[in-house]
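This is my_file-v2.pdb (PDB, C-alpha atoms and all ligand atoms).
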```
ATOM      1  CA  MET A 391      94.574 123.815 116.761
ATOM      2  CA  PRO A 392      97.799 125.820 116.177
ATOM      3  CA  GLU A 393      99.932 124.608 113.290
ATOM      4  CA  THR A 394     102.991 123.585 115.298
ATOM      5  CA  ALA A 395     105.253 120.627 114.694
ATOM      6  CA  SER A 396     103.732 118.535 117.456
ATOM      7  CA  TYR A 397     100.217 118.749 116.059
ATOM      8  CA  ARG A 398     101.220 117.385 112.696
ATOM      9  CA  LYS A 399     100.254 113.882 111.718
ATOM     10  CA  VAL A 400     103.614 112.337 111.087
ATOM     11  CA  ASP A 401     104.618 108.994 109.537
ATOM     12  CA  LEU A 402     108.341 108.371 109.184
ATOM     13  CA  HIS A 403     108.365 104.630 108.420
ATOM     14  CA  THR A 404     106.561 103.169 105.384
ATOM     15  CA  HIS A 405     107.164 100.685 102.552
ATOM     16  CA  SER A 406     106.291 100.662  98.860
ATOM     17  CA  THR A 407     106.631  98.143  96.026
ATOM     18  CA  ARG A 408     110.312  99.119  95.780
ATOM     19  CA  SER A 409     110.835  96.719  98.680
ATOM     20  CA  ASP A 410     108.152  94.559 100.300
ATOM     21  CA  GLY A 411     105.186  96.963 100.360
ATOM     22  CA  ARG A 412     102.014  96.536  98.308
ATOM     23  CA  LEU A 413     101.499 100.082  97.008
ATOM     24  CA  SER A 414     103.610 101.976  94.499
ATOM     25  CA  PRO A 415     105.322 105.099  95.859
ATOM     26  CA  THR A 416     102.642 107.214  94.153
ATOM     27  CA  GLU A 417      99.757 105.169  95.584
ATOM     28  CA  LEU A 418     101.349 105.250  99.031
ATOM     29  CA  VAL A 419     101.690 109.040  98.993
ATOM     30  CA  ASP A 420      98.080 109.361  97.809
ATOM     31  CA  LEU A 421      96.990 107.198 100.734
ATOM     32  CA  ALA A 422      99.057 109.275 103.169
ATOM     33  CA  VAL A 423      97.274 112.411 101.962
ATOM     34  CA  GLU A 424      93.917 110.675 102.259
ATOM     35  CA  GLN A 425      94.823 109.789 105.867
ATOM     36  CA  ASP A 426      95.658 113.454 106.649
ATOM     37  CA  VAL A 427      99.355 112.808 107.099
ATOM     38  CA  SER A 428     101.264 116.069 106.789
ATOM     39  CA  LEU A 429     104.857 114.892 107.237
ATOM     40  CA  PHE A 430     105.808 111.685 105.495
ATOM     41  CA  ALA A 431     108.873 109.528 104.811
ATOM     42  CA  LEU A 432     109.238 106.541 102.497
ATOM     43  CA  THR A 433     111.669 104.058 104.071
ATOM     44  CA  ASP A 434     111.955 101.009 101.831
ATOM     45  CA  HIS A 435     114.368  98.231 102.786
ATOM     46  CA  ASP A 436     117.885  98.873 101.461
ATOM     47  CA  THR A 437     116.866 101.010  98.498
ATOM     48  CA  LEU A 438     116.410 104.674  97.573
ATOM     49  CA  ASP A 439     114.573 103.730  94.351
ATOM     50  CA  GLY A 440     111.132 105.042  95.249
ATOM     51  CA  LEU A 441     112.202 108.401  96.657
ATOM     52  CA  VAL A 442     112.062 110.484  93.483
ATOM     53  CA  GLU A 443     108.611 109.219  92.507
ATOM     54  CA  ALA A 444     107.263 109.637  96.043
ATOM     55  CA  SER A 445     108.713 113.106  96.541
ATOM     56  CA  GLN A 446     107.307 114.296  93.204
ATOM     57  CA  ARG A 447     103.868 113.030  94.103
ATOM     58  CA  ALA A 448     104.139 114.566  97.576
ATOM     59  CA  ALA A 449     105.053 117.913  96.014
ATOM     60  CA  GLU A 450     101.926 117.727  93.828
ATOM     61  CA  HIS A 451      99.850 117.349  97.001
ATOM     62  CA  GLY A 452     101.809 119.904  99.063
ATOM     63  CA  LEU A 453     102.755 117.099 101.492
ATOM     64  CA  SER A 454     106.072 117.532 103.349
ATOM     65  CA  PHE A 455     108.286 114.660 102.242
ATOM     66  CA  ILE A 456     111.441 113.337 103.889
ATOM     67  CA  ASN A 457     113.889 110.968 102.182
ATOM     68  CA  GLY A 458     114.206 107.713 104.110
ATOM     69  CA  VAL A 459     115.563 104.187 103.942
ATOM     70  CA  GLU A 460     115.431 101.181 106.307
ATOM     71  CA  LEU A 461     118.880  99.615 106.460
ATOM     72  CA  SER A 462     119.504  95.990 107.415
ATOM     73  CA  THR A 463     122.371  95.650 109.904
ATOM     74  CA  GLN A 464     123.428  93.351 112.738
ATOM     75  CA  TRP A 465     124.536  93.820 116.334
ATOM     76  CA  ASN A 466     126.030  90.924 118.319
ATOM     77  CA  GLY A 467     124.692  88.541 115.676
ATOM     78  CA  ILE A 468     121.142  89.918 115.967
ATOM     79  CA  PRO A 469     119.617  91.358 112.779
ATOM     80  CA  LEU A 470     118.641  94.989 113.463
ATOM     81  CA  HIS A 471     116.933  97.591 111.331
ATOM     82  CA  MET A 472     117.794 101.248 111.364
ATOM     83  CA  VAL A 473     115.993 104.011 109.556
ATOM     84  CA  ALA A 474     118.040 106.815 108.019
ATOM     85  CA  LEU A 475     116.065 110.019 107.477
ATOM     86  CA  ASN A 476     116.535 113.416 105.891
ATOM     87  CA  PHE A 477     119.524 112.744 103.617
ATOM     88  CA  THR A 478     120.140 113.829 100.051
ATOM     89  CA  SER A 479     120.075 110.941  97.598
ATOM     90  CA  ASP A 480     123.611 111.652  96.380
ATOM     91  CA  ASN A 481     125.070 110.742  99.792
ATOM     92  CA  SER A 482     127.940 108.464  98.769
ATOM     93  CA  ALA A 483     128.365 106.709 102.136
ATOM     94  CA  LEU A 484     124.686 105.829 102.135
ATOM     95  CA  LEU A 485     124.681 104.750  98.479
ATOM     96  CA  SER A 486     127.587 102.434  99.167
ATOM     97  CA  ILE A 487     125.809 100.752 102.112
ATOM     98  CA  VAL A 488     122.631 100.366 100.076
ATOM     99  CA  GLU A 489     124.505  98.863  97.123
ATOM    100  CA  LYS A 490     126.287  96.360  99.367
ATOM    101  CA  ASN A 491     123.043  95.379 101.069
ATOM    102  CA  GLN A 492     121.403  94.799  97.690
ATOM    103  CA  MET A 493     124.154  92.341  96.756
ATOM    104  CA  ILE A 494     123.795  90.672 100.141
ATOM    105  CA  ARG A 495     120.044  90.311  99.488
ATOM    106  CA  LEU A 496     120.622  88.459  96.228
ATOM    107  CA  ASP A 497     123.241  86.173  97.706
ATOM    108  CA  ARG A 498     121.104  85.560 100.794
ATOM    109  CA  ALA A 499     118.084  84.736  98.628
ATOM    110  CA  ARG A 500     120.095  81.994  96.894
ATOM    111  CA  ARG A 501     120.987  80.587 100.307
ATOM    112  CA  ILE A 502     117.416  80.904 101.610
ATOM    113  CA  ALA A 503     116.233  78.939  98.576
ATOM    114  CA  ASP A 504     118.840  76.246  99.361
ATOM    115  CA  LEU A 505     117.643  76.140 102.962
ATOM    116  CA  LEU A 506     114.071  75.534 101.783
ATOM    117  CA  VAL A 507     115.205  72.831  99.352
ATOM    118  CA  LYS A 508     116.858  71.038 102.290
ATOM    119  CA  GLN A 509     113.455  70.961 103.927
ATOM    120  CA  GLY A 510     111.906  69.261 100.953
ATOM    121  CA  LEU A 511     110.508  72.294  99.150
ATOM    122  CA  PRO A 512     111.149  73.103  95.480
ATOM    123  CA  ASP A 513     113.888  75.541  94.492
ATOM    124  CA  LEU A 514     112.066  78.883  94.566
ATOM    125  CA  TYR A 515     115.014  81.155  93.772
ATOM    126  CA  ASP A 516     114.179  81.985  90.139
ATOM    127  CA  GLU A 517     110.530  82.587  90.931
ATOM    128  CA  ALA A 518     111.414  84.770  93.901
ATOM    129  CA  VAL A 519     113.751  86.869  91.740
ATOM    130  CA  ALA A 520     111.028  87.147  89.083
ATOM    131  CA  LEU A 521     108.371  88.030  91.665
ATOM    132  CA  ALA A 522     110.540  90.755  93.166
ATOM    133  CA  GLY A 523     111.328  92.197  89.739
ATOM    134  CA  LYS A 524     112.849  95.620  90.376
ATOM    135  CA  SER A 525     111.932  95.516  94.082
ATOM    136  CA  GLN A 526     114.414  94.601  96.749
ATOM    137  CA  LEU A 527     114.179  90.838  97.117
ATOM    138  CA  GLY A 528     113.391  89.660 100.622
ATOM    139  CA  ARG A 529     111.833  86.932 102.701
ATOM    140  CA  PRO A 530     108.295  88.261 102.058
ATOM    141  CA  HIS A 531     108.702  87.251  98.405
ATOM    142  CA  PHE A 532     109.508  83.679  99.442
ATOM    143  CA  ALA A 533     106.588  83.823 101.870
ATOM    144  CA  SER A 534     104.201  84.823  99.052
ATOM    145  CA  LEU A 535     105.397  81.920  96.914
ATOM    146  CA  LEU A 536     104.973  79.450  99.772
ATOM    147  CA  VAL A 537     101.396  80.667 100.262
ATOM    148  CA  GLU A 538     100.612  80.710  96.537
ATOM    149  CA  LYS A 539     101.870  77.142  96.147
ATOM    150  CA  GLY A 540      99.869  75.926  99.116
ATOM    151  CA  PHE A 541     102.797  74.978 101.359
ATOM    152  CA  VAL A 542     101.509  77.287 104.114
ATOM    153  CA  LYS A 543      98.203  78.966 104.897
ATOM    154  CA  ASP A 544      99.470  82.556 105.110
ATOM    155  CA  GLY A 545     102.543  84.744 105.328
ATOM    156  CA  ASN A 546     102.772  84.477 109.110
ATOM    157  CA  LYS A 547     102.882  80.692 108.883
ATOM    158  CA  ALA A 548     105.598  80.960 106.246
ATOM    159  CA  PHE A 549     107.743  82.895 108.745
ATOM    160  CA  ASP A 550     106.763  80.598 111.638
ATOM    161  CA  ARG A 551     107.684  77.436 109.812
ATOM    162  CA  TYR A 552     110.415  78.379 107.352
ATOM    163  CA  LEU A 553     111.585  81.974 107.151
ATOM    164  CA  GLY A 554     111.676  83.419 110.681
ATOM    165  CA  ASN A 555     115.042  84.325 112.234
ATOM    166  CA  LYS A 556     115.128  81.103 114.224
ATOM    167  CA  HIS A 557     115.175  79.119 110.979
ATOM    168  CA  LEU A 558     117.877  81.163 109.281
ATOM    169  CA  GLY A 559     120.923  79.917 111.242
ATOM    170  CA  GLN A 560     124.063  81.510 109.795
ATOM    171  CA  LEU A 561     121.971  83.507 107.354
ATOM    172  CA  ARG A 562     121.165  85.858 110.240
ATOM    173  CA  ASP A 563     124.736  87.162 110.182
ATOM    174  CA  VAL A 564     124.893  88.388 106.597
ATOM    175  CA  TRP A 565     124.275  92.079 107.245
ATOM    176  CA  PRO A 566     126.912  94.757 107.912
ATOM    177  CA  GLU A 567     127.753  95.511 111.528
ATOM    178  CA  LEU A 568     125.723  98.337 113.074
ATOM    179  CA  GLU A 569     128.915 100.004 114.308
ATOM    180  CA  GLY A 570     130.377 100.369 110.827
ATOM    181  CA  VAL A 571     127.119 101.570 109.314
ATOM    182  CA  LEU A 572     126.648 104.218 112.007
ATOM    183  CA  ASN A 573     130.284 105.304 111.784
ATOM    184  CA  SER A 574     130.093 105.860 108.056
ATOM    185  CA  LEU A 575     126.822 107.815 108.237
ATOM    186  CA  SER A 576     127.233 109.842 111.416
ATOM    187  CA  GLY A 577     128.212 113.508 111.544
ATOM    188  CA  GLN A 578     126.455 114.320 108.251
ATOM    189  CA  ASN A 579     123.239 115.772 109.605
ATOM    190  CA  ILE A 580     121.302 112.617 108.764
ATOM    191  CA  GLU A 581     118.936 111.231 111.371
ATOM    192  CA  LEU A 582     120.003 107.697 112.290
ATOM    193  CA  ILE A 583     117.099 105.997 114.015
ATOM    194  CA  LEU A 584     116.893 102.585 115.635
ATOM    195  CA  ALA A 585     113.775 101.009 114.111
ATOM    196  CA  HIS A 586     111.106  99.266 116.230
ATOM    197  CA  PRO A 587     113.332  98.579 119.295
ATOM    198  CA  LYS A 588     110.767  96.273 120.919
ATOM    199  CA  ARG A 589     110.748  93.844 118.004
ATOM    200  CA  TYR A 590     114.144  92.319 118.760
ATOM    201  CA  PRO A 591     114.777  89.365 121.061
ATOM    202  CA  LEU A 592     116.299  91.584 123.765
ATOM    203  CA  THR A 593     115.656  91.952 127.488
ATOM    204  CA  VAL A 594     115.419  95.540 128.738
ATOM    205  CA  THR A 595     118.972  95.215 130.068
ATOM    206  CA  LYS A 596     120.261  94.142 126.643
ATOM    207  CA  LEU A 597     118.175  96.806 124.912
ATOM    208  CA  LYS A 598     119.882  99.394 127.127
ATOM    209  CA  ARG A 599     123.257  98.006 126.051
ATOM    210  CA  LEU A 600     122.175  98.359 122.442
ATOM    211  CA  LEU A 601     121.042 101.952 123.021
ATOM    212  CA  THR A 602     124.367 102.752 124.696
ATOM    213  CA  ASP A 603     126.238 101.441 121.641
ATOM    214  CA  PHE A 604     123.793 103.075 119.246
ATOM    215  CA  LYS A 605     124.323 106.490 120.819
ATOM    216  CA  LYS A 606     128.094 106.034 121.160
ATOM    217  CA  TRP A 607     128.470 105.092 117.482
ATOM    218  CA  GLY A 608     126.580 108.155 116.251
ATOM    219  CA  GLY A 609     122.909 107.164 116.283
ATOM    220  CA  THR A 610     120.611 110.150 116.760
ATOM    221  CA  GLY A 611     117.210 108.680 117.509
ATOM    222  CA  MET A 612     114.920 105.738 118.089
ATOM    223  CA  GLU A 613     111.361 104.888 117.153
ATOM    224  CA  VAL A 614     109.197 105.173 120.243
ATOM    225  CA  ALA A 615     106.059 104.105 118.396
ATOM    226  CA  SER A 616     105.950 101.674 115.514
ATOM    227  CA  GLY A 617     102.591 100.527 114.255
ATOM    228  CA  ASN A 618     100.497  98.513 116.634
ATOM    229  CA  GLU A 619     102.835  98.640 119.618
ATOM    230  CA  ARG A 620     101.530  98.043 123.125
ATOM    231  CA  PRO A 621     101.078 101.331 125.032
ATOM    232  CA  ASP A 622     103.278 100.082 127.897
ATOM    233  CA  SER A 623     106.078  99.411 125.379
ATOM    234  CA  VAL A 624     105.696 102.928 124.023
ATOM    235  CA  ARG A 625     105.893 104.356 127.581
ATOM    236  CA  LEU A 626     109.111 102.377 128.140
ATOM    237  CA  LEU A 627     110.573 103.573 124.846
ATOM    238  CA  GLU A 628     109.694 107.199 125.674
ATOM    239  CA  ARG A 629     111.625 106.855 128.927
ATOM    240  CA  LEU A 630     114.588 105.250 127.162
ATOM    241  CA  SER A 631     114.557 107.958 124.482
ATOM    242  CA  ALA A 632     114.990 110.594 127.204
ATOM    243  CA  GLU A 633     117.477 108.509 129.219
ATOM    244  CA  PHE A 634     119.765 107.807 126.255
ATOM    245  CA  ASP A 635     119.337 111.221 124.643
ATOM    246  CA  LEU A 636     118.009 109.685 121.421
ATOM    247  CA  LYS A 637     115.348 111.716 119.599
ATOM    248  CA  ALA A 638     111.931 110.146 119.248
ATOM    249  CA  SER A 639     110.647 109.035 115.847
ATOM    250  CA  VAL A 640     107.307 107.479 114.921
ATOM    251  CA  GLY A 641     105.971 105.437 112.039
ATOM    252  CA  SER A 642     103.321 102.987 110.971
ATOM    253  CA  ASP A 643     105.757 100.576 109.220
ATOM    254  CA  TYR A 644     102.919 100.298 106.712
ATOM    255  CA  HIS A 645     103.413  97.526 104.115
ATOM    256  CA  GLY A 646      99.854  97.253 102.780
ATOM    257  CA  PRO A 647      96.271  96.701 103.835
ATOM    258  CA  PHE A 648      96.868  93.717 106.149
ATOM    259  CA  GLY A 649      94.255  93.633 108.888
ATOM    260  CA  PRO A 650      92.271  96.446 110.454
ATOM    261  CA  TRP A 651      95.142  98.089 112.295
ATOM    262  CA  MET A 652      97.560  98.650 109.442
ATOM    263  CA  GLN A 653      97.201 102.134 108.025
ATOM    264  CA  VAL A 654      99.517 104.921 106.941
ATOM    265  CA  GLY A 655      99.800 107.463 109.756
ATOM    266  CA  LYS A 656      98.565 104.974 112.363
ATOM    267  CA  TYR A 657     100.633 104.002 115.389
ATOM    268  CA  THR A 658     100.228 103.951 119.131
ATOM    269  CA  GLN A 659      99.889 107.485 120.491
ATOM    270  CA  ILE A 660     103.030 108.957 122.048
ATOM    271  CA  HIS A 661     103.411 111.565 124.800
ATOM    272  CA  GLU A 662     105.111 114.212 122.714
ATOM    273  CA  THR A 663     106.026 116.423 125.658
ATOM    274  CA  LYS A 664     108.148 113.701 127.284
ATOM    275  CA  VAL A 665     110.623 113.350 124.414
ATOM    276  CA  ASP A 666     112.581 115.366 121.852
ATOM    277  CA  LEU A 667     110.854 114.808 118.525
ATOM    278  CA  VAL A 668     113.103 114.022 115.602
ATOM    279  CA  TRP A 669     111.089 116.274 113.277
ATOM    280  CA  GLN A 670     111.028 119.288 115.619
ATOM    281  CA  THR A 671     114.055 120.894 114.010
ATOM    282  CA  TRP A 672     113.025 120.249 110.396
ATOM    283  CA  GLY A 673     111.006 123.453 110.082
TER     284      GLY A 673
HETATM  285  P1  LIG B 701     113.952  90.650 104.960
HETATM  286  O1  LIG B 701     114.070  92.123 104.689
HETATM  287  O2  LIG B 701     114.127  89.824 103.735
HETATM  288  O3  LIG B 701     114.836  90.201 106.091
HETATM  289  O4  LIG B 701     112.463  90.389 105.424
HETATM  290  C1  LIG B 701     111.998  91.054 106.550
HETATM  291  C2  LIG B 701     110.594  91.552 106.312
HETATM  292  O5  LIG B 701     109.698  90.450 106.397
HETATM  293  C3  LIG B 701     110.118  92.517 107.373
HETATM  294  O6  LIG B 701     110.432  93.838 107.012
HETATM  295  C4  LIG B 701     108.616  92.301 107.370
HETATM  296  O7  LIG B 701     108.037  93.093 106.364
HETATM  297  C5  LIG B 701     108.480  90.842 106.984
HETATM  298  N1  LIG B 701     108.266  89.966 108.149
HETATM  299  C6  LIG B 701     109.099  89.730 109.152
HETATM  300  N2  LIG B 701     108.565  88.837 110.031
HETATM  301  C7  LIG B 701     107.347  88.524 109.550
HETATM  302  C8  LIG B 701     106.300  87.670 109.996
HETATM  303  N3  LIG B 701     106.405  86.933 111.109
HETATM  304  N4  LIG B 701     105.182  87.588 109.243
HETATM  305  C9  LIG B 701     105.078  88.317 108.104
HETATM  306  N5  LIG B 701     106.030  89.142 107.643
HETATM  307  C10 LIG B 701     107.155  89.250 108.359
HETATM  308 MN    MN B 702     109.315  94.757 105.483
HETATM  309 MN    MN B 703     111.961  96.628 110.083
HETATM  310 MN    MN B 704     109.903  98.606 108.017
END
```
Represent the structure from my file as structure tokens, please.
Ligand code: AMP
Ligand code: MN
Ligand code: MN
Ligand code: MN
Amino acid sequence: MPETASYRKVDLHTHSTRSDGRLSPTELVDLAVEQDVSLFALTDHDTLDGLVEASQRAAEHGLSFINGVELSTQWNGIPLHMVALNFTSDNSALLSIVEKNQMIRLDRARRIADLLVKQGLPDLYDEAVALAGKSQLGRPHFASLLVEKGFVKDGNKAFDRYLGNKHLGQLRDVWPELEGVLNSLSGQNIELILAHPKRYPLTVTKLKRLLTDFKKWGGTGMEVASGNERPDSVRLLERLSAEFDLKASVGSDYHGPFGPWMQVGKYTQIHETKVDLVWQTWG
């Protein structure tokens, strides 16, 4: 098979222990190599912490590595994730967004703990902070504690019963507005990708409104395949990628070995000829 961009095994959405993933950046890169990935990005939630370690390890393996981060934002009161790719880690606009989001995470965690206390659970804040350690603190840390203490059977139940967006009320609106985030990052040759567009509570009509705004505010791409997405969703996203002139990105959104599907480099197959690939111009 010729060594062209479209034959590469690409994964541009993954998590390490610097946010809510299970593997260290080094272990994650090792796994990517084991899975024959040849173009790889680490995209932890709201932090650039793992990028140096991961890129050094990637260099040792000769794996092409792209700096990434998954930023928490909101649009019309809906929490949305966007993945920024291919930046240099001294980008001041990006560092400022990341720093703000880290403060929001701490403050939100205090309020999440209060919300759980109101439902009769113990105050888990200190333990959640301790569990996260140097990682970005998030709902998965609360979920782990709820499982460990026997309040729920597994992480999914923790989200179903306590931590899912429908339980968060006003805590959904803590993140910076998508418009401002895109405005401050656009025009700098960074790829600004809407993450997993099918995972939001949006009809196709509303999703199209989001894509219109996303493009207008400087977004450059969208994930057309994210992990274990249904093939018909991926077909829809391929069409929308072409319609809205947003480059196509792909990623496993790997967090750790949960279930048979989850693997670095694994996501529903895309039709690469129907879209402009975000990595095509990276050389
Ligand atoms: P946070 O960044 O604190 O808002 O937490 C969001 C993270 O929680 C996501 O990136 C997922 O890794 C995880 N998550 C979201 N929904 C669920 C769910 N239903 N079950 C398990 N994990 C989830
Ligand atoms: Mn996550
Ligand atoms: Mn996400
Ligand atoms: Mn993710």
Can you list, as a list in words, the residues that the PyMOL selection byres (((chain A and resi 618) around 10) and not hetatm) selects here? Ala615, Ser616, Gly617, Glu619, Arg620, Pro621, Gly641, Ser642, Asp643, Trp651, Met652, Gln653, Lys656, Tyr657, Thr658 and Gln659 of chain A
Could you list, as a PyMOL selection string, all protein and nucleic acid residues with an atom at most 8 Å from ligand MN 702 (chain B), counting all atoms listed in the file? chain A and resi 405+409-411+434-435+530+643+645
Report as a list of chain:residue names which protein, DNA and RNA residues come within 6 Å of ligand LIG 701 (chain B), using all atoms listed in the file.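 Based on all atoms listed in the file, ligand LIG 701 (chain B) is surrounded within 6 Å by A:Gly528, A:Arg529, A:Pro530, A:Gly545, A:Asn546, A:Phe549.
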Deliver the residues from the most recent selection as a file, using C-alpha atoms, as a compact mmCIF listing (two decimals), in the frame of the given file.
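result24.txt, freshly written:
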```txt
# COMPACT_ATOMS: atom_id res chain seq x y z
CA GLY A 528 113.39 89.66 100.62
CA ARG A 529 111.83 86.93 102.70
CA PRO A 530 108.30 88.26 102.06
CA GLY A 545 102.54 84.74 105.33
CA ASN A 546 102.77 84.48 109.11
CA PHE A 549 107.74 82.90 108.74
```
Name the residues that the PyMOL selection byres (((chain A and resi 665-672) around 9) and not hetatm) pulls out of this structure, and write them as a ChimeraX atom specification. /A:395-396,400,429,476,581,610-612,628-629,631-632,635-640,661-664,673
Could you list, as a ChimeraX atom specification, all protein and nucleic acid residues with an atom at most 9 Å from ligand MN 703 (chain B), counting all atoms listed in the file? /A:403,435,460-462,470-473,585-586,589,643
Evaluate the PyMOL selection byres (((chain A and resi 600) around 12) and not hetatm) and record the selected residues as a PyMOL selection string, following the chain and residue labels used in the document. chain A and resi 464-466+468+470+568-569+584+587-588+590-599+601-607+609+612+630+634
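Using all atoms listed in the file, the shortest contact distance between Gln492 of chain A and any of A:Asp436, A:Asp401, A:Asp513, A:Asp622 is found at A:Asp436.
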